[in-house]
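Below is one structure, written out as structure tokens; comments come after it.
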Amino acid sequence: MFLKKKVSRRFHYYLLLIVLLRFMLPFSLNQSFVGMLFSSIKSSPIYEMIYGSEVKRKPSVFVGDNVVFNDNIIMGRKNQTIAPYILYIWLAITVALMVQKITKYQSFAKYIKADWQAVDNPDIIDILSDICEDKNITTPIDLYTTPLVSSPLLLGVKKNYIVLPHEDLTQEQLYSILSHEVTHYQNKDIFYKWFMQIIVCIHWFNPVVYSIEKIMNQECEYACDEATTRSFTNEERYHYGNTLIEMASSPGRYSEKVASITLYENNKEIKKRLESILLYQKIKRPKRITTLLSIIGLTFTAFILGAAIPPSKVAPSENKPITDIETKDSSDSKPLGRPLS
């Protein structure tokens, strides 16, 4: 919100890495915002259902299922909580989601590859070669076409492929499309997207990560549009915008695009992307102090937000074996409850 007209969308895109790393780094300050938030709900029914009610155990002694409070022995079992099973529930869902995403991606790739045809049109190949040469890309990128997709996309992790919905495109459209996908390849956006998918799988219970995923996908396209059109003339930007609009109106037969990178993902975002391209032309080169303060500010915020520290366990020194309990004179002792079995 504060940097919208001051820095590039590429900088916005990479600032999100700080946010994503906050979800991955397993440490926190002793006092953090999220920690205080969770401390305030320790008396809630949900917390008690998971961890049990907070009972001051000093100077109690736990003996199996029996509890000794001062001179009285209370028989019975402790309330069962689901806390011991939380790790297994979380891990099972995390693994299941990751397997699902990988399986969907493999199925999508296999489905596309079963029907695609290699592009052998020399004019199209020359356009791709010229773009790669301009961007100093020496690794060959294979080009295919299939009617199964509605939008051009970049596919693959180890080896990348550009897939077109058809070859019936003008030179201007081909140049815009291929420039866009090659820019994604150059910036390794596919790895960024998979990193986001890993975070979604790990934090599946947190609704915030789904909102961040949506923002990240949007910023990825804004950043790519910006980088693609940086050296374009006004006429080339006009053709680029027209290509986005025309390709968004083309129907496809397969909509599942797990972690692949398409020319567009949401028709409603086309207008915002066109506005972003125009806005970038008015943005001056950001000052170093603005960039530095943005990084420091977001990093500091990430540390302050922190994470909730798990409830501490009872220290071993607070537990005394039954043999260590000091016996008192029977005349001074209070009546005990039910005998310890």
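Order determines the names: the first chain of the structure tokens is A, the second B, and so forth; residues in each chain are numbered 1 upward, and ligands are numbered 1 upward as they are shown.
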Write down as a PDB file with all heavy atoms, in the first residue's frame the residues belonging to range 156-247 of chain A that are assigned strand (DSSP E) by DSSP computed on the backbone.
```
ATOM      1  N   TYR A 161       9.328 -26.375 -20.610  1.00  0.00           N
ATOM      2  CA  TYR A 161       8.686 -26.375 -21.914  1.00  0.00           C
ATOM      3  C   TYR A 161       7.696 -25.218 -21.963  1.00  0.00           C
ATOM      4  O   TYR A 161       7.030 -24.909 -20.974  1.00  0.00           O
ATOM      5  CB  TYR A 161       7.913 -27.679 -22.167  1.00  0.00           C
ATOM      6  CG  TYR A 161       8.673 -28.933 -21.825  1.00  0.00           C
ATOM      7  CD1 TYR A 161       8.574 -29.512 -20.557  1.00  0.00           C
ATOM      8  CD2 TYR A 161       9.482 -29.567 -22.774  1.00  0.00           C
ATOM      9  CE1 TYR A 161       9.251 -30.671 -20.244  1.00  0.00           C
ATOM     10  CE2 TYR A 161      10.168 -30.735 -22.462  1.00  0.00           C
ATOM     11  CZ  TYR A 161      10.048 -31.278 -21.195  1.00  0.00           C
ATOM     12  OH  TYR A 161      10.720 -32.433 -20.883  1.00  0.00           O
ATOM     13  N   ILE A 162       7.589 -24.596 -23.118  1.00  0.00           N
ATOM     14  CA  ILE A 162       6.552 -23.599 -23.346  1.00  0.00           C
ATOM     15  C   ILE A 162       5.478 -24.261 -24.185  1.00  0.00           C
ATOM     16  O   ILE A 162       5.763 -24.843 -25.233  1.00  0.00           O
ATOM     17  CB  ILE A 162       7.107 -22.351 -24.060  1.00  0.00           C
ATOM     18  CG1 ILE A 162       8.104 -21.630 -23.151  1.00  0.00           C
ATOM     19  CG2 ILE A 162       5.964 -21.403 -24.435  1.00  0.00           C
ATOM     20  CD1 ILE A 162       8.751 -20.415 -23.797  1.00  0.00           C
ATOM     21  N   VAL A 163       4.243 -24.192 -23.699  1.00  0.00           N
ATOM     22  CA  VAL A 163       3.123 -24.840 -24.378  1.00  0.00           C
ATOM     23  C   VAL A 163       2.153 -23.770 -24.857  1.00  0.00           C
ATOM     24  O   VAL A 163       1.681 -22.943 -24.063  1.00  0.00           O
ATOM     25  CB  VAL A 163       2.401 -25.832 -23.438  1.00  0.00           C
ATOM     26  CG1 VAL A 163       1.305 -26.577 -24.193  1.00  0.00           C
ATOM     27  CG2 VAL A 163       3.393 -26.820 -22.839  1.00  0.00           C
ATOM     28  N   LEU A 164       1.843 -23.799 -26.153  1.00  0.00           N
ATOM     29  CA  LEU A 164       0.902 -22.857 -26.753  1.00  0.00           C
ATOM     30  C   LEU A 164      -0.423 -23.556 -27.007  1.00  0.00           C
ATOM     31  O   LEU A 164      -0.463 -24.744 -27.311  1.00  0.00           O
ATOM     32  CB  LEU A 164       1.448 -22.311 -28.076  1.00  0.00           C
ATOM     33  CG  LEU A 164       2.814 -21.607 -28.037  1.00  0.00           C
ATOM     34  CD1 LEU A 164       3.257 -21.249 -29.459  1.00  0.00           C
ATOM     35  CD2 LEU A 164       2.741 -20.357 -27.179  1.00  0.00           C
TER      36      LEU A 164
END
```
For Ile202 in chain A: contacts at 12 Å, only C-alpha atoms, fewer than 6 positions along chain excluded, given as a PDB file with N, CA and C atoms, in the first residue's frame:
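Written out: around02.pdb:
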```pdb
ATOM      1  N   LEU A  20       7.225 -15.255   3.511  1.00  0.00           N
ATOM      2  CA  LEU A  20       7.209 -16.716   3.406  1.00  0.00           C
ATOM      3  C   LEU A  20       8.249 -17.350   4.326  1.00  0.00           C
ATOM      4  N   PHE A  23       7.172 -18.011   7.830  1.00  0.00           N
ATOM      5  CA  PHE A  23       6.374 -19.218   8.029  1.00  0.00           C
ATOM      6  C   PHE A  23       7.237 -20.475   8.085  1.00  0.00           C
ATOM      7  N   MET A  24       8.485 -20.369   7.665  1.00  0.00           N
ATOM      8  CA  MET A  24       9.344 -21.549   7.583  1.00  0.00           C
ATOM      9  C   MET A  24      10.380 -21.621   8.696  1.00  0.00           C
ATOM     10  N   LEU A  87       0.447 -33.641  16.592  1.00  0.00           N
ATOM     11  CA  LEU A  87       1.566 -33.781  15.667  1.00  0.00           C
ATOM     12  C   LEU A  87       1.236 -34.761  14.549  1.00  0.00           C
ATOM     13  N   ILE A  89      -1.773 -35.739  13.494  1.00  0.00           N
ATOM     14  CA  ILE A  89      -2.850 -35.216  12.640  1.00  0.00           C
ATOM     15  C   ILE A  89      -2.292 -34.216  11.645  1.00  0.00           C
ATOM     16  N   TRP A  90      -1.484 -33.254  12.159  1.00  0.00           N
ATOM     17  CA  TRP A  90      -0.884 -32.245  11.283  1.00  0.00           C
ATOM     18  C   TRP A  90       0.004 -32.888  10.224  1.00  0.00           C
ATOM     19  N   LEU A  91       0.852 -33.833  10.648  1.00  0.00           N
ATOM     20  CA  LEU A  91       1.779 -34.456   9.719  1.00  0.00           C
ATOM     21  C   LEU A  91       1.049 -35.266   8.652  1.00  0.00           C
ATOM     22  N   ALA A  92      -0.003 -35.964   9.038  1.00  0.00           N
ATOM     23  CA  ALA A  92      -0.756 -36.779   8.082  1.00  0.00           C
ATOM     24  C   ALA A  92      -1.402 -35.904   7.010  1.00  0.00           C
ATOM     25  N   ILE A  93      -2.005 -34.791   7.420  1.00  0.00           N
ATOM     26  CA  ILE A  93      -2.656 -33.895   6.456  1.00  0.00           C
ATOM     27  C   ILE A  93      -1.608 -33.204   5.585  1.00  0.00           C
ATOM     28  N   THR A  94      -0.477 -32.820   6.185  1.00  0.00           N
ATOM     29  CA  THR A  94       0.595 -32.177   5.417  1.00  0.00           C
ATOM     30  C   THR A  94       1.112 -33.094   4.316  1.00  0.00           C
ATOM     31  N   VAL A  95       1.408 -34.339   4.674  1.00  0.00           N
ATOM     32  CA  VAL A  95       1.908 -35.300   3.692  1.00  0.00           C
ATOM     33  C   VAL A  95       0.855 -35.569   2.623  1.00  0.00           C
ATOM     34  N   ALA A  96      -0.415 -35.714   3.045  1.00  0.00           N
ATOM     35  CA  ALA A  96      -1.486 -35.982   2.095  1.00  0.00           C
ATOM     36  C   ALA A  96      -1.643 -34.846   1.089  1.00  0.00           C
ATOM     37  N   LEU A  97      -1.567 -33.598   1.567  1.00  0.00           N
ATOM     38  CA  LEU A  97      -1.687 -32.450   0.665  1.00  0.00           C
ATOM     39  C   LEU A  97      -0.527 -32.376  -0.312  1.00  0.00           C
ATOM     40  N   MET A  98       0.696 -32.644   0.184  1.00  0.00           N
ATOM     41  CA  MET A  98       1.862 -32.591  -0.688  1.00  0.00           C
ATOM     42  C   MET A  98       1.789 -33.665  -1.763  1.00  0.00           C
ATOM     43  N   PHE A 195       7.727 -23.347  -3.739  1.00  0.00           N
ATOM     44  CA  PHE A 195       8.027 -22.972  -2.357  1.00  0.00           C
ATOM     45  C   PHE A 195       6.744 -22.540  -1.651  1.00  0.00           C
ATOM     46  N   MET A 196       5.918 -21.789  -2.358  1.00  0.00           N
ATOM     47  CA  MET A 196       4.640 -21.373  -1.813  1.00  0.00           C
ATOM     48  C   MET A 196       3.744 -22.577  -1.554  1.00  0.00           C
ATOM     49  N   VAL A 209      -2.354 -18.157   4.954  1.00  0.00           N
ATOM     50  CA  VAL A 209      -1.450 -18.582   3.878  1.00  0.00           C
ATOM     51  C   VAL A 209      -2.174 -18.673   2.543  1.00  0.00           C
ATOM     52  N   TYR A 210      -3.482 -18.950   2.561  1.00  0.00           N
ATOM     53  CA  TYR A 210      -4.231 -19.012   1.309  1.00  0.00           C
ATOM     54  C   TYR A 210      -4.395 -17.624   0.708  1.00  0.00           C
TER      55      TYR A 210
END
```
**OP:** Within 7 Å of range 137-145 of chain A, counting only C-alpha atoms, which residues show up once you throw out same-chain ones fewer than 4 positions away? Write them as number ranges by chain, please.
**Re:** A: 116-119, 132-133, 160-167
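The residue that comes closest to Leu178 in chain A, out of A:Ser32, A:Ser294, A:Gln197, A:Thr243 and on the basis of only C-alpha atoms, is A:Thr243.
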**OP:** Calculate how many Å separate CA of Ile86 in chain A from CA of Asn206 in chain A, rounding to one decimal.
**Re:** 14.7 Å
Using only C-alpha atoms, determine which residues lie at most 7 Å from His180 in chain A, disregarding the query and same-chain residues fewer than 2 positions distant; provide the list as a compact mmCIF listing (two decimals) with all heavy atoms, in the first residue's frame.
```txt
# COMPACT_ATOMS: atom_id res chain seq x y z
N SER A 176 4.90 -11.41 -27.79
CA SER A 176 4.44 -11.07 -26.44
C SER A 176 4.37 -12.30 -25.55
O SER A 176 4.84 -12.30 -24.41
CB SER A 176 3.07 -10.39 -26.51
OG SER A 176 3.12 -9.19 -27.25
N ILE A 177 3.77 -13.38 -26.08
CA ILE A 177 3.59 -14.60 -25.31
C ILE A 177 4.93 -15.22 -24.94
O ILE A 177 5.19 -15.56 -23.77
CB ILE A 177 2.72 -15.61 -26.09
CG1 ILE A 177 1.29 -15.10 -26.20
CG2 ILE A 177 2.76 -16.99 -25.42
CD1 ILE A 177 0.43 -15.89 -27.17
N LEU A 178 5.78 -15.39 -25.93
CA LEU A 178 7.07 -16.05 -25.68
C LEU A 178 7.97 -15.20 -24.79
O LEU A 178 8.70 -15.73 -23.95
CB LEU A 178 7.76 -16.36 -27.01
CG LEU A 178 7.01 -17.36 -27.92
CD1 LEU A 178 7.75 -17.54 -29.25
CD2 LEU A 178 6.84 -18.70 -27.21
N VAL A 182 9.36 -16.73 -21.30
CA VAL A 182 10.82 -16.78 -21.15
C VAL A 182 11.25 -15.96 -19.94
O VAL A 182 12.19 -16.33 -19.22
CB VAL A 182 11.53 -16.29 -22.42
CG1 VAL A 182 13.03 -16.12 -22.19
CG2 VAL A 182 11.30 -17.28 -23.57
N THR A 183 10.55 -14.87 -19.66
CA THR A 183 10.86 -14.07 -18.47
C THR A 183 10.57 -14.87 -17.20
O THR A 183 11.35 -14.82 -16.24
CB THR A 183 10.03 -12.77 -18.47
OG1 THR A 183 10.33 -12.02 -19.65
CG2 THR A 183 10.36 -11.93 -17.24
N HIS A 184 9.47 -15.61 -17.19
CA HIS A 184 9.20 -16.50 -16.06
C HIS A 184 10.33 -17.51 -15.88
O HIS A 184 10.77 -17.78 -14.77
CB HIS A 184 7.89 -17.26 -16.29
CG HIS A 184 6.67 -16.53 -15.86
ND1 HIS A 184 6.52 -15.97 -14.61
CD2 HIS A 184 5.50 -16.26 -16.52
CE1 HIS A 184 5.34 -15.40 -14.51
NE2 HIS A 184 4.70 -15.56 -15.65
N CYS A 224 6.28 -10.15 -13.73
CA CYS A 224 6.68 -10.67 -15.04
C CYS A 224 6.27 -9.71 -16.15
O CYS A 224 7.04 -9.48 -17.09
CB CYS A 224 6.05 -12.05 -15.26
SG CYS A 224 6.61 -12.86 -16.77
N ASP A 225 5.06 -9.15 -16.06
CA ASP A 225 4.63 -8.16 -17.05
C ASP A 225 5.59 -6.97 -17.08
O ASP A 225 5.97 -6.48 -18.14
CB ASP A 225 3.22 -7.66 -16.72
CG ASP A 225 2.16 -8.73 -16.94
OD1 ASP A 225 2.41 -9.67 -17.72
OD2 ASP A 225 1.09 -8.64 -16.32
N THR A 228 8.95 -8.01 -18.56
CA THR A 228 8.82 -8.31 -19.99
C THR A 228 8.75 -7.04 -20.83
O THR A 228 9.37 -6.94 -21.89
CB THR A 228 7.58 -9.19 -20.25
OG1 THR A 228 7.67 -10.38 -19.49
CG2 THR A 228 7.46 -9.54 -21.72
```
**OP:** Identify all residues of range 25-227 of chain A in helix (DSSP H, G or I) (DSSP on the backbone) and supply them as an NGL selection string.
**Re:** :A and (33-39 or 45-51 or 83-113 or 122-134 or 171-186 or 189-202 or 207-227)
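Taking CA of Gln173 in chain A and CA of Glu246 in chain A as endpoints, the distance between them is 9.3 Å.
Using only C-alpha atoms for every distance, the candidate list A:Cys201, A:Met216, A:Met247, A:Leu293 yields A:Met216 as the residue closest to Arg10 in chain A.
With CA of Ile112 in chain A on one side and CA of Ala223 in chain A on the other, the separation reads 26.7 Å.
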**OP:** Find the residues around range 33-36 of chain A up to 6 Å (only C-alpha atoms counted), leave out those fewer than 4 positions away in its own chain, and share them as an MDAnalysis selection string.
**Re:** chainID A and resid 305:308
Keeping all heavy atoms, export the residues of the selection given above as a PDB file, in the first residue's frame.
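File result.pdb, as written:
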```pdb
ATOM      1  N   LEU A 305       6.209 -10.166  15.094  1.00  0.00           N
ATOM      2  CA  LEU A 305       5.013 -11.017  15.038  1.00  0.00           C
ATOM      3  C   LEU A 305       5.311 -12.375  15.652  1.00  0.00           C
ATOM      4  O   LEU A 305       4.527 -12.901  16.425  1.00  0.00           O
ATOM      5  CB  LEU A 305       4.542 -11.170  13.594  1.00  0.00           C
ATOM      6  CG  LEU A 305       3.884  -9.947  12.971  1.00  0.00           C
ATOM      7  CD1 LEU A 305       3.548 -10.211  11.529  1.00  0.00           C
ATOM      8  CD2 LEU A 305       2.627  -9.566  13.727  1.00  0.00           C
ATOM      9  N   GLY A 306       6.450 -12.944  15.275  1.00  0.00           N
ATOM     10  CA  GLY A 306       6.915 -14.177  15.906  1.00  0.00           C
ATOM     11  C   GLY A 306       5.971 -15.345  15.740  1.00  0.00           C
ATOM     12  O   GLY A 306       5.226 -15.457  14.782  1.00  0.00           O
ATOM     13  N   ALA A 307       6.004 -16.230  16.714  1.00  0.00           N
ATOM     14  CA  ALA A 307       5.182 -17.434  16.717  1.00  0.00           C
ATOM     15  C   ALA A 307       4.849 -17.780  18.157  1.00  0.00           C
ATOM     16  O   ALA A 307       5.450 -17.267  19.096  1.00  0.00           O
ATOM     17  CB  ALA A 307       5.928 -18.595  16.054  1.00  0.00           C
ATOM     18  N   ALA A 308       3.853 -18.649  18.334  1.00  0.00           N
ATOM     19  CA  ALA A 308       3.455 -19.062  19.679  1.00  0.00           C
ATOM     20  C   ALA A 308       4.388 -20.158  20.173  1.00  0.00           C
ATOM     21  O   ALA A 308       4.622 -21.141  19.478  1.00  0.00           O
ATOM     22  CB  ALA A 308       2.017 -19.562  19.674  1.00  0.00           C
TER      23      ALA A 308
END
```
